[in-house]
Amino acid sequence: MTVTTYPQQQAVDSAVLRKVIAASAIGNFVEWFDFAVYGFLAVTIAALFFPPGDPTLALLQTFAVFAVSFALRPLGGIVFGILGDRIGRKRVLSITVLMMAAATTLIGLLPTYSSLGLFAPLLLALARCIQGFSAGGEYAGACAFVMEHAPTERKARYGSFVPVSTFMAFASAAGIVFGLGLWLDETQMQAWGWRLPFLVAAPLGLIGLYMRLRLDESPAFRAMAAQAQPEHSPLSETLRHHGKTIVCLSAFISATALSFYMFTTYLTTYMQVVGGATRPTALLASLCALIFAALLCPLVGRYSDWVGRRKTILTAGVCLIVAVYPAFFLAASGTFLPSAVGAMLLAVGAVICGVVTAVLLSEQFPTRVRYTASAFTYNLAYTVFGGTAPLIATWLIEQTGNRMSPAYYLIAIALLALAGGLALPETSKRSLDYRAS
């Protein structure tokens with residue numbers, strides 16, 4: 001394998017970097033805002049979009065639709081990744097933010113089971129699939145776009161603002177749903193109130209599109225595009241030359257995906273269904289933990305740049321294994337303060353995993369195939385372990401009768417993640433310049 005390097009631009013204009021971070025963050029915000037709203041309103045959606053009868057079955061069906069949308073994420077990652085490696089990051093990220101906003105808005109306009117019967121959950125699944133397909137090209141592309149602008153020694157520091165936007169999307173969704181719960185009664189909430197959070201995506205998507213269209217392409221991609229290169233197939237090249245990296249990185253991202261969705265999506269439902277907490281109590285506890293997570297991200301980014309990626313991976317795995325059992329135990333209390341503390345305990349490991357994943361996605365692959373490889377790897381792990389997290393957690397409790405079974409599941413995946421993550425090379429000082437493989 002021949003490696004060609006070009007000096008990475010170190011003197012990055014701070015104003016440009018701030019615009020890049022803001023434009024990347026808002027698209028990422030729209031992506032995760034939809035997933036957050038869906039999770040926080042899972043109990044309401046289950047009652048509105050599925051046949052009346054068994055509430056547990058309806059909740060399982062709701063989370064099944066949640067999981068189905070993830071099936072298209074790897075496909076979206078491949079399609080948008082190949083486009084991003086050929087025509088540039090900026091153009092593809094402009095497409096994905098528009099598609100995501102449209103799909104999210106569509107969910108807010110759908111008729112329910114009472115007016116459309118079985119076509120209602122089918123349309124819900126279709127809208128979620130469109131959102132999942134477009135989201136497949138969003139996160140990895142946003143990370144690559146930020147990293148390719150960031151100075152080499154501070155990649156995790158600046159890259160951590162992408163996870164910040166993720167957690168703030170969930171915090172905003174929790175805040176809006178919590179506020180609606182105080183403003184509206186249950187009848188109003190089921191009649192029309194649940195639609196409002198989804199409709200917020202329309203103006204946000206247009207703002208994100210405007211911001212992204214005003215940006216220049218990343219320095220690393222411009223350097224690559226300036227070279228006379230033969231036509232290449234990003235997907236086949238990715239699988240041929242980077243298969244081992246994909247396997248190891250996917251193993252680590254499995255814990256990132258599972259801990260993220262356990263923390264951000266499932267835990268609120270867990271507090272209500274298992275702990276018996278009211279929806280306002282569960283949402284307020286989650287909101288506090290999500291704000292805590294967003295504030296923690298930049299600190300973890302600085303920590304990762306200081307100690308390196310492998311030590312950060314080890315820290316993440318240990319934090320998850322140690323904290324997950326007490327986190328679920330406290331979340332099942334049914335009261336605000338213990339539930340919030342439990343959520344914060346789970347947040348620590350989830351944040352460390354998320355921040356180091358954001359930078360590993362770009363550092364582990366060369367510019368030539370970075371978008372394709374990182375999007376495929378990220379979405380493969382999130383489809384298998386992230387999209388199924390609420391479904392499997394609900395099923396495990398139903399089958400075993402043990403309310404702590406989701407914690408044991410997360411511990412097992414954390415051990416797998418440590419094995420995969422620690423097999424990766426140290427890349428914290430690696431420049432993201434153009435390297436032809």
# chains A, B, ... in the order shown; residues from 1 in each chain; ligands from 1
>>> residues_around(residues="Ile291 in chain A", least_positions_apart="6", cutoff="8 Å", atoms="only C-alpha atoms", output="ChimeraX atom specification")
/A:167-168,171
>>> closest_atom_pairs(of="range 176-221 of chain A", to="range 145-166 of chain A", cutoff="12 Å", atoms="only C-alpha atoms", output="CSV")
residue,atom,partner,partner_atom,distance
A:Arg212,CA,A:Phe145,CA,10.8
A:Leu215,CA,A:Phe145,CA,10.6
A:Asp216,CA,A:Phe145,CA,10.3
A:Glu217,CA,A:Phe145,CA,8.3
A:Ser218,CA,A:Glu148,CA,5.9
A:Pro219,CA,A:His149,CA,6.4
A:Ala220,CA,A:Glu148,CA,5.7
A:Phe221,CA,A:Glu148,CA,8.0
>>> write_last_selection(atoms="N, CA and C atoms", output="CSV table (one decimal), in the first residue's frame")
chain,number,residue,atom,x,y,z
A,212,ARG,N,-25.1,25.3,5.6
A,212,ARG,CA,-24.2,24.4,5.0
A,212,ARG,C,-23.8,24.9,3.6
A,215,LEU,N,-20.8,27.3,3.3
A,215,LEU,CA,-19.4,26.8,3.7
A,215,LEU,C,-18.6,26.4,2.5
A,216,ASP,N,-17.3,26.5,2.6
A,216,ASP,CA,-16.4,25.9,1.6
A,216,ASP,C,-16.1,24.4,1.9
A,217,GLU,N,-15.6,23.7,1.0
A,217,GLU,CA,-15.2,22.3,1.2
A,217,GLU,C,-14.1,22.2,2.1
A,218,SER,N,-13.9,21.0,2.8
A,218,SER,CA,-12.9,20.8,3.8
A,218,SER,C,-11.5,20.9,3.1
A,219,PRO,N,-10.4,21.3,3.9
A,219,PRO,CA,-9.1,21.4,3.3
A,219,PRO,C,-8.6,20.0,2.8
A,220,ALA,N,-8.8,19.0,3.6
A,220,ALA,CA,-8.4,17.6,3.2
A,220,ALA,C,-9.0,17.2,1.9
A,221,PHE,N,-10.3,17.4,1.8
A,221,PHE,CA,-10.9,17.0,0.5
A,221,PHE,C,-10.4,17.8,-0.7
>>> select_by_dssp(residues="range 24-240 of chain A", states="alpha helix (DSSP H)", output="VMD selection string")
chain A and resid 24 to 40 42 to 49 55 to 71 73 to 87 89 to 109 113 to 116 119 to 135 139 to 147 155 to 159 161 to 183 186 to 188 195 to 199 201 to 213 219 to 226 234 to 240
>>> closest_residue(among="A:Ile246, A:Met404, A:Val322, A:Ala174", to="Arg370 in chain A", atoms="only C-alpha atoms")
A:Ile246
>>> residues_around(residues="Ile321 in chain A", least_positions_apart="2", cutoff="9 Å", atoms="only C-alpha atoms", output="PyMOL selection string")
chain A and resi 316-319+323-325+349+407+410-412+414-415
>>> atom_distance(atom1="CA of Gly308 in chain A", atom2="CA of Ala417 in chain A")
17.0 Å
>>> residues_around(residues="Leu296 in chain A", least_positions_apart="2", cutoff="10 Å", atoms="only C-alpha atoms", output="ChimeraX atom specification")
/A:160,164,290-294,298-301,347-348,351-352,355
>>> residues_around(residues="range 61-70 of chain A", least_positions_apart="5", cutoff="7 Å", atoms="only C-alpha atoms", output="list in words")
Ala42, Ile45, Ala46, Ala125, Arg128, Cys129, Gly132, Thr383, Gly387, Thr388, Pro390 and Leu391 of chain A
>>> residues_around(residues="Gln272 in chain A", least_positions_apart="6", cutoff="7 Å", atoms="only C-alpha atoms", output="ChimeraX atom specification")
/A:278-279,282
>>> write_last_selection(atoms="N, CA and C atoms", output="compact mmCIF listing (two decimals), in the first residue's frame")
# COMPACT_ATOMS: atom_id res chain seq x y z
N THR A 278 -44.01 9.14 36.81
CA THR A 278 -44.88 9.85 35.87
C THR A 278 -44.04 10.35 34.70
N ARG A 279 -44.70 10.65 33.57
CA ARG A 279 -43.95 11.12 32.41
C ARG A 279 -43.22 12.43 32.71
N ALA A 282 -40.03 11.53 34.70
CA ALA A 282 -39.03 10.86 33.87
C ALA A 282 -38.37 11.83 32.89
>>> residues_around(residues="Leu330 in chain A", least_positions_apart="6", cutoff="7 Å", atoms="only C-alpha atoms", output="MDAnalysis selection string")
chainID A and resid 338:339 342
>>> atom_distance(atom1="CA of Arg222 in chain A", atom2="CA of Thr427 in chain A")
22.2 Å
>>> decode(residues="range 144-174 of chain A", atoms="N, CA and C atoms", output="short mmCIF file (atom, residue, chain, number, x, y, z; two decimals), in the first residue's frame")
data_model
loop_
_atom_site.label_atom_id
_atom_site.label_comp_id
_atom_site.auth_asym_id
_atom_site.auth_seq_id
_atom_site.Cartn_x
_atom_site.Cartn_y
_atom_site.Cartn_z
N ALA A 144 -16.51 14.02 9.95
CA ALA A 144 -15.38 14.17 9.02
C ALA A 144 -15.19 15.63 8.62
N PHE A 145 -16.29 16.34 8.40
CA PHE A 145 -16.22 17.74 7.97
C PHE A 145 -15.56 18.59 9.04
N VAL A 146 -15.92 18.37 10.31
CA VAL A 146 -15.31 19.12 11.41
C VAL A 146 -13.85 18.72 11.58
N MET A 147 -13.57 17.42 11.60
CA MET A 147 -12.21 16.94 11.83
C MET A 147 -11.24 17.41 10.75
N GLU A 148 -11.70 17.47 9.52
CA GLU A 148 -10.82 17.87 8.43
C GLU A 148 -10.53 19.36 8.44
N HIS A 149 -11.23 20.11 9.28
CA HIS A 149 -10.91 21.52 9.48
C HIS A 149 -10.10 21.76 10.75
N ALA A 150 -10.12 20.80 11.68
CA ALA A 150 -9.55 21.01 13.01
C ALA A 150 -8.04 20.80 13.03
N PRO A 151 -7.32 21.51 13.90
CA PRO A 151 -5.87 21.27 14.07
C PRO A 151 -5.62 19.86 14.58
N THR A 152 -4.50 19.26 14.16
CA THR A 152 -4.20 17.87 14.49
C THR A 152 -4.21 17.61 15.98
N GLU A 153 -3.60 18.49 16.77
CA GLU A 153 -3.46 18.24 18.21
C GLU A 153 -4.76 18.46 18.99
N ARG A 154 -5.79 19.00 18.33
CA ARG A 154 -7.03 19.30 19.06
C ARG A 154 -8.26 18.75 18.33
N LYS A 155 -8.10 17.63 17.67
CA LYS A 155 -9.22 17.07 16.90
C LYS A 155 -10.39 16.66 17.80
N ALA A 156 -10.10 15.99 18.90
CA ALA A 156 -11.18 15.56 19.80
C ALA A 156 -11.85 16.74 20.48
N ARG A 157 -11.06 17.75 20.79
CA ARG A 157 -11.62 18.95 21.44
C ARG A 157 -12.69 19.59 20.56
N TYR A 158 -12.37 19.78 19.28
CA TYR A 158 -13.34 20.40 18.38
C TYR A 158 -14.40 19.40 17.92
N GLY A 159 -13.98 18.15 17.73
CA GLY A 159 -14.94 17.14 17.32
C GLY A 159 -16.00 16.86 18.38
N SER A 160 -15.69 17.15 19.64
CA SER A 160 -16.65 16.89 20.72
C SER A 160 -17.92 17.73 20.60
N PHE A 161 -17.86 18.81 19.82
CA PHE A 161 -19.06 19.65 19.68
C PHE A 161 -20.13 18.99 18.81
N VAL A 162 -19.76 17.97 18.03
CA VAL A 162 -20.78 17.22 17.31
C VAL A 162 -21.62 16.40 18.29
N PRO A 163 -21.00 15.63 19.21
CA PRO A 163 -21.81 14.99 20.25
C PRO A 163 -22.56 15.98 21.15
N VAL A 164 -21.99 17.16 21.36
CA VAL A 164 -22.73 18.17 22.14
C VAL A 164 -24.08 18.45 21.48
N SER A 165 -24.08 18.61 20.16
CA SER A 165 -25.34 18.90 19.46
C SER A 165 -26.29 17.71 19.54
N THR A 166 -25.73 16.50 19.61
CA THR A 166 -26.56 15.31 19.76
C THR A 166 -27.30 15.33 21.09
N PHE A 167 -26.56 15.54 22.17
CA PHE A 167 -27.18 15.54 23.49
C PHE A 167 -28.10 16.74 23.68
N MET A 168 -27.75 17.87 23.07
CA MET A 168 -28.63 19.03 23.17
C MET A 168 -29.92 18.81 22.39
N ALA A 169 -29.85 18.02 21.31
CA ALA A 169 -31.07 17.67 20.58
C ALA A 169 -32.01 16.87 21.47
N PHE A 170 -31.45 15.92 22.20
CA PHE A 170 -32.27 15.13 23.12
C PHE A 170 -32.77 15.98 24.27
N ALA A 171 -31.91 16.88 24.78
CA ALA A 171 -32.34 17.77 25.87
C ALA A 171 -33.48 18.68 25.40
N SER A 172 -33.36 19.21 24.19
CA SER A 172 -34.41 20.08 23.66
C SER A 172 -35.71 19.32 23.47
N ALA A 173 -35.60 18.10 22.95
CA ALA A 173 -36.79 17.27 22.77
C ALA A 173 -37.44 16.96 24.11
N ALA A 174 -36.62 16.62 25.11
CA ALA A 174 -37.16 16.33 26.44
C ALA A 174 -37.82 17.57 27.03
#
